[in-house]
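Q: The file below is model.txt, compact mmCIF, C-alpha atoms:
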# COMPACT_ATOMS: atom_id res chain seq x y z
CA MET A 19 -35.82 3.54 -7.90
CA THR A 20 -34.74 -0.02 -8.46
CA LEU A 21 -31.12 -0.73 -7.50
CA VAL A 22 -29.37 -3.76 -8.99
CA LEU A 23 -26.05 -5.03 -7.64
CA ALA A 24 -24.00 -6.71 -10.37
CA SER A 25 -22.09 -8.89 -7.93
CA ALA A 26 -22.52 -12.21 -6.15
CA SER A 27 -20.11 -11.11 -3.41
CA PRO A 28 -21.62 -11.48 0.06
CA ARG A 29 -19.05 -8.95 1.27
CA ARG A 30 -20.41 -6.27 -1.07
CA LEU A 31 -23.94 -6.99 0.12
CA ASP A 32 -22.77 -6.73 3.74
CA LEU A 33 -21.01 -3.42 3.06
CA LEU A 34 -24.12 -1.97 1.42
CA ALA A 35 -26.19 -3.16 4.39
CA GLN A 36 -23.78 -1.38 6.75
CA ALA A 37 -24.59 1.82 4.81
CA GLY A 38 -28.31 1.10 5.12
CA ILE A 39 -28.74 0.03 1.49
CA ALA A 40 -30.47 -3.13 0.32
CA PRO A 41 -30.36 -3.71 -3.45
CA ASP A 42 -33.67 -4.69 -5.01
CA ARG A 43 -31.92 -7.35 -7.09
CA VAL A 44 -28.58 -9.10 -7.26
CA ASP A 45 -27.60 -9.89 -10.84
CA PRO A 46 -23.95 -10.93 -11.08
CA ALA A 47 -22.13 -10.51 -14.35
CA GLU A 48 -20.05 -13.59 -15.08
CA LEU A 49 -16.97 -12.50 -17.02
CA ASP A 50 -13.54 -13.78 -17.89
CA GLU A 51 -11.41 -11.80 -15.44
CA THR A 52 -8.07 -12.68 -17.02
CA PRO A 53 -5.90 -9.56 -17.33
CA LEU A 54 -5.21 -8.42 -20.87
CA LYS A 55 -1.62 -8.54 -22.09
CA GLU A 56 0.39 -5.82 -20.31
CA GLU A 57 -2.74 -4.51 -18.57
CA LEU A 58 -1.85 -2.58 -15.42
CA PRO A 59 -3.74 -3.14 -12.14
CA ARG A 60 -5.68 0.17 -12.15
CA ARG A 61 -6.82 -0.31 -15.73
CA HIS A 62 -7.73 -3.94 -15.07
CA ALA A 63 -10.02 -3.05 -12.13
CA ASP A 64 -11.61 -0.21 -14.11
CA ARG A 65 -12.21 -2.35 -17.20
CA LEU A 66 -13.79 -5.21 -15.26
CA ALA A 67 -16.09 -2.91 -13.26
CA ARG A 68 -17.26 -1.28 -16.51
CA GLU A 69 -17.78 -4.64 -18.24
CA LYS A 70 -19.73 -6.03 -15.28
CA LEU A 71 -21.84 -2.87 -15.25
CA ALA A 72 -22.58 -3.08 -18.99
CA ALA A 73 -23.58 -6.74 -18.78
CA ALA A 74 -25.94 -6.25 -15.83
CA ALA A 75 -27.37 -2.96 -17.15
CA ALA A 76 -28.29 -4.65 -20.44
CA ARG A 77 -30.37 -7.18 -18.47
CA ASN A 78 -31.94 -4.55 -16.19
CA PRO A 79 -33.14 -1.60 -18.27
CA GLY A 80 -34.64 1.29 -16.32
CA ALA A 81 -32.74 0.47 -13.11
CA PHE A 82 -29.80 1.93 -11.27
CA VAL A 83 -27.02 -0.64 -11.61
CA LEU A 84 -23.91 -0.92 -9.45
CA ALA A 85 -20.80 -3.00 -10.23
CA ALA A 86 -17.30 -3.25 -8.76
CA ASP A 87 -14.03 -5.09 -9.11
CA THR A 88 -11.12 -5.44 -6.69
CA VAL A 89 -7.53 -6.07 -7.75
CA VAL A 90 -4.57 -6.75 -5.47
CA ALA A 91 -1.20 -5.80 -6.94
CA VAL A 92 2.48 -5.86 -6.10
CA GLY A 93 4.01 -3.26 -8.37
CA ARG A 94 2.67 -3.92 -11.87
CA ARG A 95 1.87 -7.55 -11.06
CA ILE A 96 -1.82 -8.44 -10.63
CA LEU A 97 -2.38 -11.18 -8.06
CA PRO A 98 -5.09 -13.75 -8.85
CA LYS A 99 -8.34 -14.43 -7.06
CA ALA A 100 -6.96 -17.53 -5.40
CA GLU A 101 -8.81 -20.70 -6.38
CA THR A 102 -6.25 -23.26 -5.21
CA GLU A 103 -4.13 -23.64 -2.11
CA ALA A 104 -1.02 -23.27 -4.25
CA GLU A 105 -2.25 -19.91 -5.62
CA ALA A 106 -3.14 -18.66 -2.15
CA ARG A 107 0.19 -19.81 -0.73
CA ALA A 108 2.09 -18.06 -3.56
CA CYS A 109 0.13 -14.82 -3.01
CA LEU A 110 0.71 -14.85 0.74
CA ARG A 111 4.42 -15.52 0.31
CA LEU A 112 4.68 -12.66 -2.20
CA ILE A 113 2.95 -10.07 -0.01
CA SER A 114 4.43 -11.28 3.28
CA GLY A 115 6.44 -8.42 4.78
CA ARG A 116 5.82 -6.21 1.73
CA ALA A 117 3.66 -3.29 0.83
CA HIS A 118 1.05 -3.89 -1.82
CA ARG A 119 -1.88 -2.00 -3.31
CA VAL A 120 -5.56 -2.79 -3.57
CA PHE A 121 -7.53 -1.12 -6.36
CA THR A 122 -11.31 -1.24 -6.27
CA ALA A 123 -13.19 0.28 -9.17
CA VAL A 124 -16.88 0.99 -8.71
CA ALA A 125 -19.17 1.75 -11.64
CA ALA A 126 -22.79 2.89 -11.59
CA GLN A 127 -25.37 3.47 -14.30
CA ALA A 128 -28.56 5.52 -14.05
CA PRO A 129 -31.83 4.45 -15.70
CA ASP A 130 -31.20 7.04 -18.44
CA GLY A 131 -27.86 5.40 -19.35
CA ARG A 132 -25.47 7.86 -17.69
CA VAL A 133 -22.42 6.08 -16.28
CA ALA A 134 -20.03 7.15 -13.54
CA VAL A 135 -16.88 5.33 -12.40
CA ARG A 136 -14.48 5.87 -9.50
CA LEU A 137 -11.34 4.06 -8.42
CA ALA A 138 -10.26 3.70 -4.80
CA GLU A 139 -6.63 2.88 -4.13
CA SER A 140 -5.42 1.58 -0.78
CA ARG A 141 -1.91 0.65 0.33
CA LEU A 142 -1.33 -2.13 2.83
CA GLN A 143 1.72 -3.54 4.56
CA LEU A 144 1.51 -7.02 6.00
CA LYS A 145 3.80 -8.43 8.66
CA ARG A 146 6.34 -11.01 7.61
CA LEU A 147 4.38 -14.24 7.84
CA THR A 148 5.94 -17.35 9.28
CA PRO A 149 5.49 -20.62 7.38
CA ALA A 150 3.19 -21.77 10.22
CA GLU A 151 1.02 -18.63 9.85
CA VAL A 152 0.75 -19.17 6.10
CA GLU A 153 -0.25 -22.82 6.57
CA ALA A 154 -2.78 -21.98 9.31
CA TYR A 155 -4.35 -19.36 7.06
CA ILE A 156 -4.47 -21.81 4.15
CA ALA A 157 -6.14 -24.37 6.44
CA SER A 158 -8.82 -21.80 7.35
CA GLY A 159 -10.07 -21.73 3.73
CA GLU A 160 -10.79 -18.02 4.09
CA TRP A 161 -8.59 -17.27 1.05
CA ARG A 162 -10.87 -19.01 -1.47
CA GLY A 163 -11.89 -16.70 -4.29
CA LYS A 164 -10.23 -13.70 -2.67
CA ALA A 165 -8.07 -11.29 -4.65
CA GLY A 166 -4.50 -11.70 -3.45
CA GLY A 167 -5.39 -14.83 -1.48
CA TYR A 168 -6.58 -13.11 1.70
CA ALA A 169 -9.62 -11.47 3.27
CA VAL A 170 -8.76 -8.37 5.31
CA GLN A 171 -12.14 -8.54 7.07
CA GLY A 172 -11.27 -11.95 8.49
CA ARG A 173 -8.28 -13.60 10.10
CA ALA A 174 -5.84 -11.79 7.81
CA GLN A 175 -6.68 -8.54 9.58
CA ALA A 176 -4.21 -9.70 12.26
CA PHE A 177 -1.44 -9.57 9.63
CA VAL A 178 -1.96 -5.90 8.67
CA ILE A 179 0.73 -3.58 10.04
CA GLU A 180 -0.44 -0.50 8.19
CA MET A 181 -3.20 0.55 5.84
CA HIS A 182 -3.65 3.80 3.95
CA GLY A 183 -6.95 4.24 2.17
CA SER A 184 -10.43 2.85 2.41
CA TYR A 185 -11.02 -0.27 4.49
CA SER A 186 -14.35 -0.88 2.72
CA ALA A 187 -12.57 -0.66 -0.65
CA VAL A 188 -10.10 -3.35 0.44
CA VAL A 189 -13.04 -5.54 1.48
CA GLY A 190 -14.58 -5.00 -1.96
CA LEU A 191 -16.72 -1.84 -2.21
CA PRO A 192 -15.60 1.71 -1.37
CA LEU A 193 -18.71 2.97 0.41
CA TYR A 194 -17.95 6.70 0.22
CA GLU A 195 -17.27 6.56 -3.52
CA THR A 196 -20.25 4.28 -4.11
CA LEU A 197 -22.71 6.61 -2.39
CA CYS A 198 -21.25 9.64 -4.19
CA LEU A 199 -21.66 7.91 -7.57
CA LEU A 200 -25.22 6.78 -6.95
CA GLU A 201 -26.37 10.10 -5.51
CA GLY A 202 -24.62 11.98 -8.32
CA LEU A 203 -26.66 9.94 -10.81
CA GLY A 204 -29.90 10.80 -9.00
CA TRP A 205 -30.43 7.69 -6.88
CA ARG A 206 -32.02 8.38 -3.50
CA ARG A 207 -32.44 6.09 -0.54
CA PRO A 208 -35.99 4.72 -0.29
Using structure tokens, write down the structure that the file contains.
A:
Amino acid sequence: MTLVLASASPRRLDLLAQAGIAPDRVDPAELDETPLKEELPRRHADRLAREKLAAAAARNPGAFVLAADTVVAVGRRILPKAETEAEARACLRLISGRAHRVFTAVAAQAPDGRVAVRLAESRLQLKRLTPAEVEAYIASGEWRGKAGGYAVQGRAQAFVIEMHGSYSAVVGLPLYETLCLLEGLGWRRP
């Protein structure tokens, strides 16, 4: 039962390891992750997880394939995966002192082509960040490539006042939903 993870995210690999799962292969699907015009956050996460799954499954016939995508949103607004300090700073200023949502879609495909998808939604409230806290976090570099410009599993955890939902989903892979999908498709731990 070959398991392929369609993600280059070290966080997703770490989460799977915490659940006692080691993928046989890592085969990231490189896609344009730009939201479609008027695409809402839930739909965006779902679409990208499905597209990543399809791309990796086409390259790995006969395997179980797992893909995921995480989107941070304030209302209908999708925050970027911060690539520059300016993007990260803008994200942090937007979510400072506000509630926001994190949507992580996970998609799995069985060797026979059956596909299952689940979406985990979490709600977080961050403290109001001081300019010094924002600048210290920017200086840490931890925000690079992170949806919404922060990593809850790192220093930003100290900013979280409240969280409703799955911690692992906020990090990047909802473990409960992932295991349910894989087992529902017939995958068994080696």
Q: Just want the 12 Å neighbourhood of Gln36 (chain A), counted on all atoms listed in the file, with same-chain residues fewer than 6 positions away dropped. Output as a compact mmCIF listing (two decimals) with C-alpha atoms, in the frame of the given file.
A:
# COMPACT_ATOMS: atom_id res chain seq x y z
CA ARG A 29 -19.05 -8.95 1.27
CA ARG A 30 -20.41 -6.27 -1.07
CA SER A 186 -14.35 -0.88 2.72
CA LEU A 191 -16.72 -1.84 -2.21
CA PRO A 192 -15.60 1.71 -1.37
CA LEU A 193 -18.71 2.97 0.41
CA TYR A 194 -17.95 6.70 0.22
Q: Please determine, counting only C-alpha atoms, which residue among A:Gly204, A:Pro59, A:Gly115, A:Gly80 has the shortest atom-to-atom distance to Gly93 (chain A).
A: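 For Gly93 (chain A), the nearest of the given residues is A:Pro59.
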Q: Write out as a PyMOL selection string each polymer residue whose atoms come within 7 Å of region 81-88 of chain A, counting all atoms listed in the file; drop sequence neighbours fewer than 5 positions from it.
A: chain A and resi 19-25+63+66-67+70-71+75+120-129+165+190-191
Q: Of the candidates A:Ser140, A:Gln171, A:Asn78, A:Thr52, which one gets nearest to Val189 (chain A) if we count all atoms listed in the file?
A: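 Once distances to Val189 (chain A) are computed over all atoms listed in the file, the minimum belongs to A:Gln171.
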Q: Pick the closest to Lys145 (chain A) from A:Ala174, A:Val44, A:Ala106, A:Ala72: which is it, counting all atoms listed in the file?
A: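 Using all atoms listed in the file, Lys145 (chain A) sits closest to A:Ala174.
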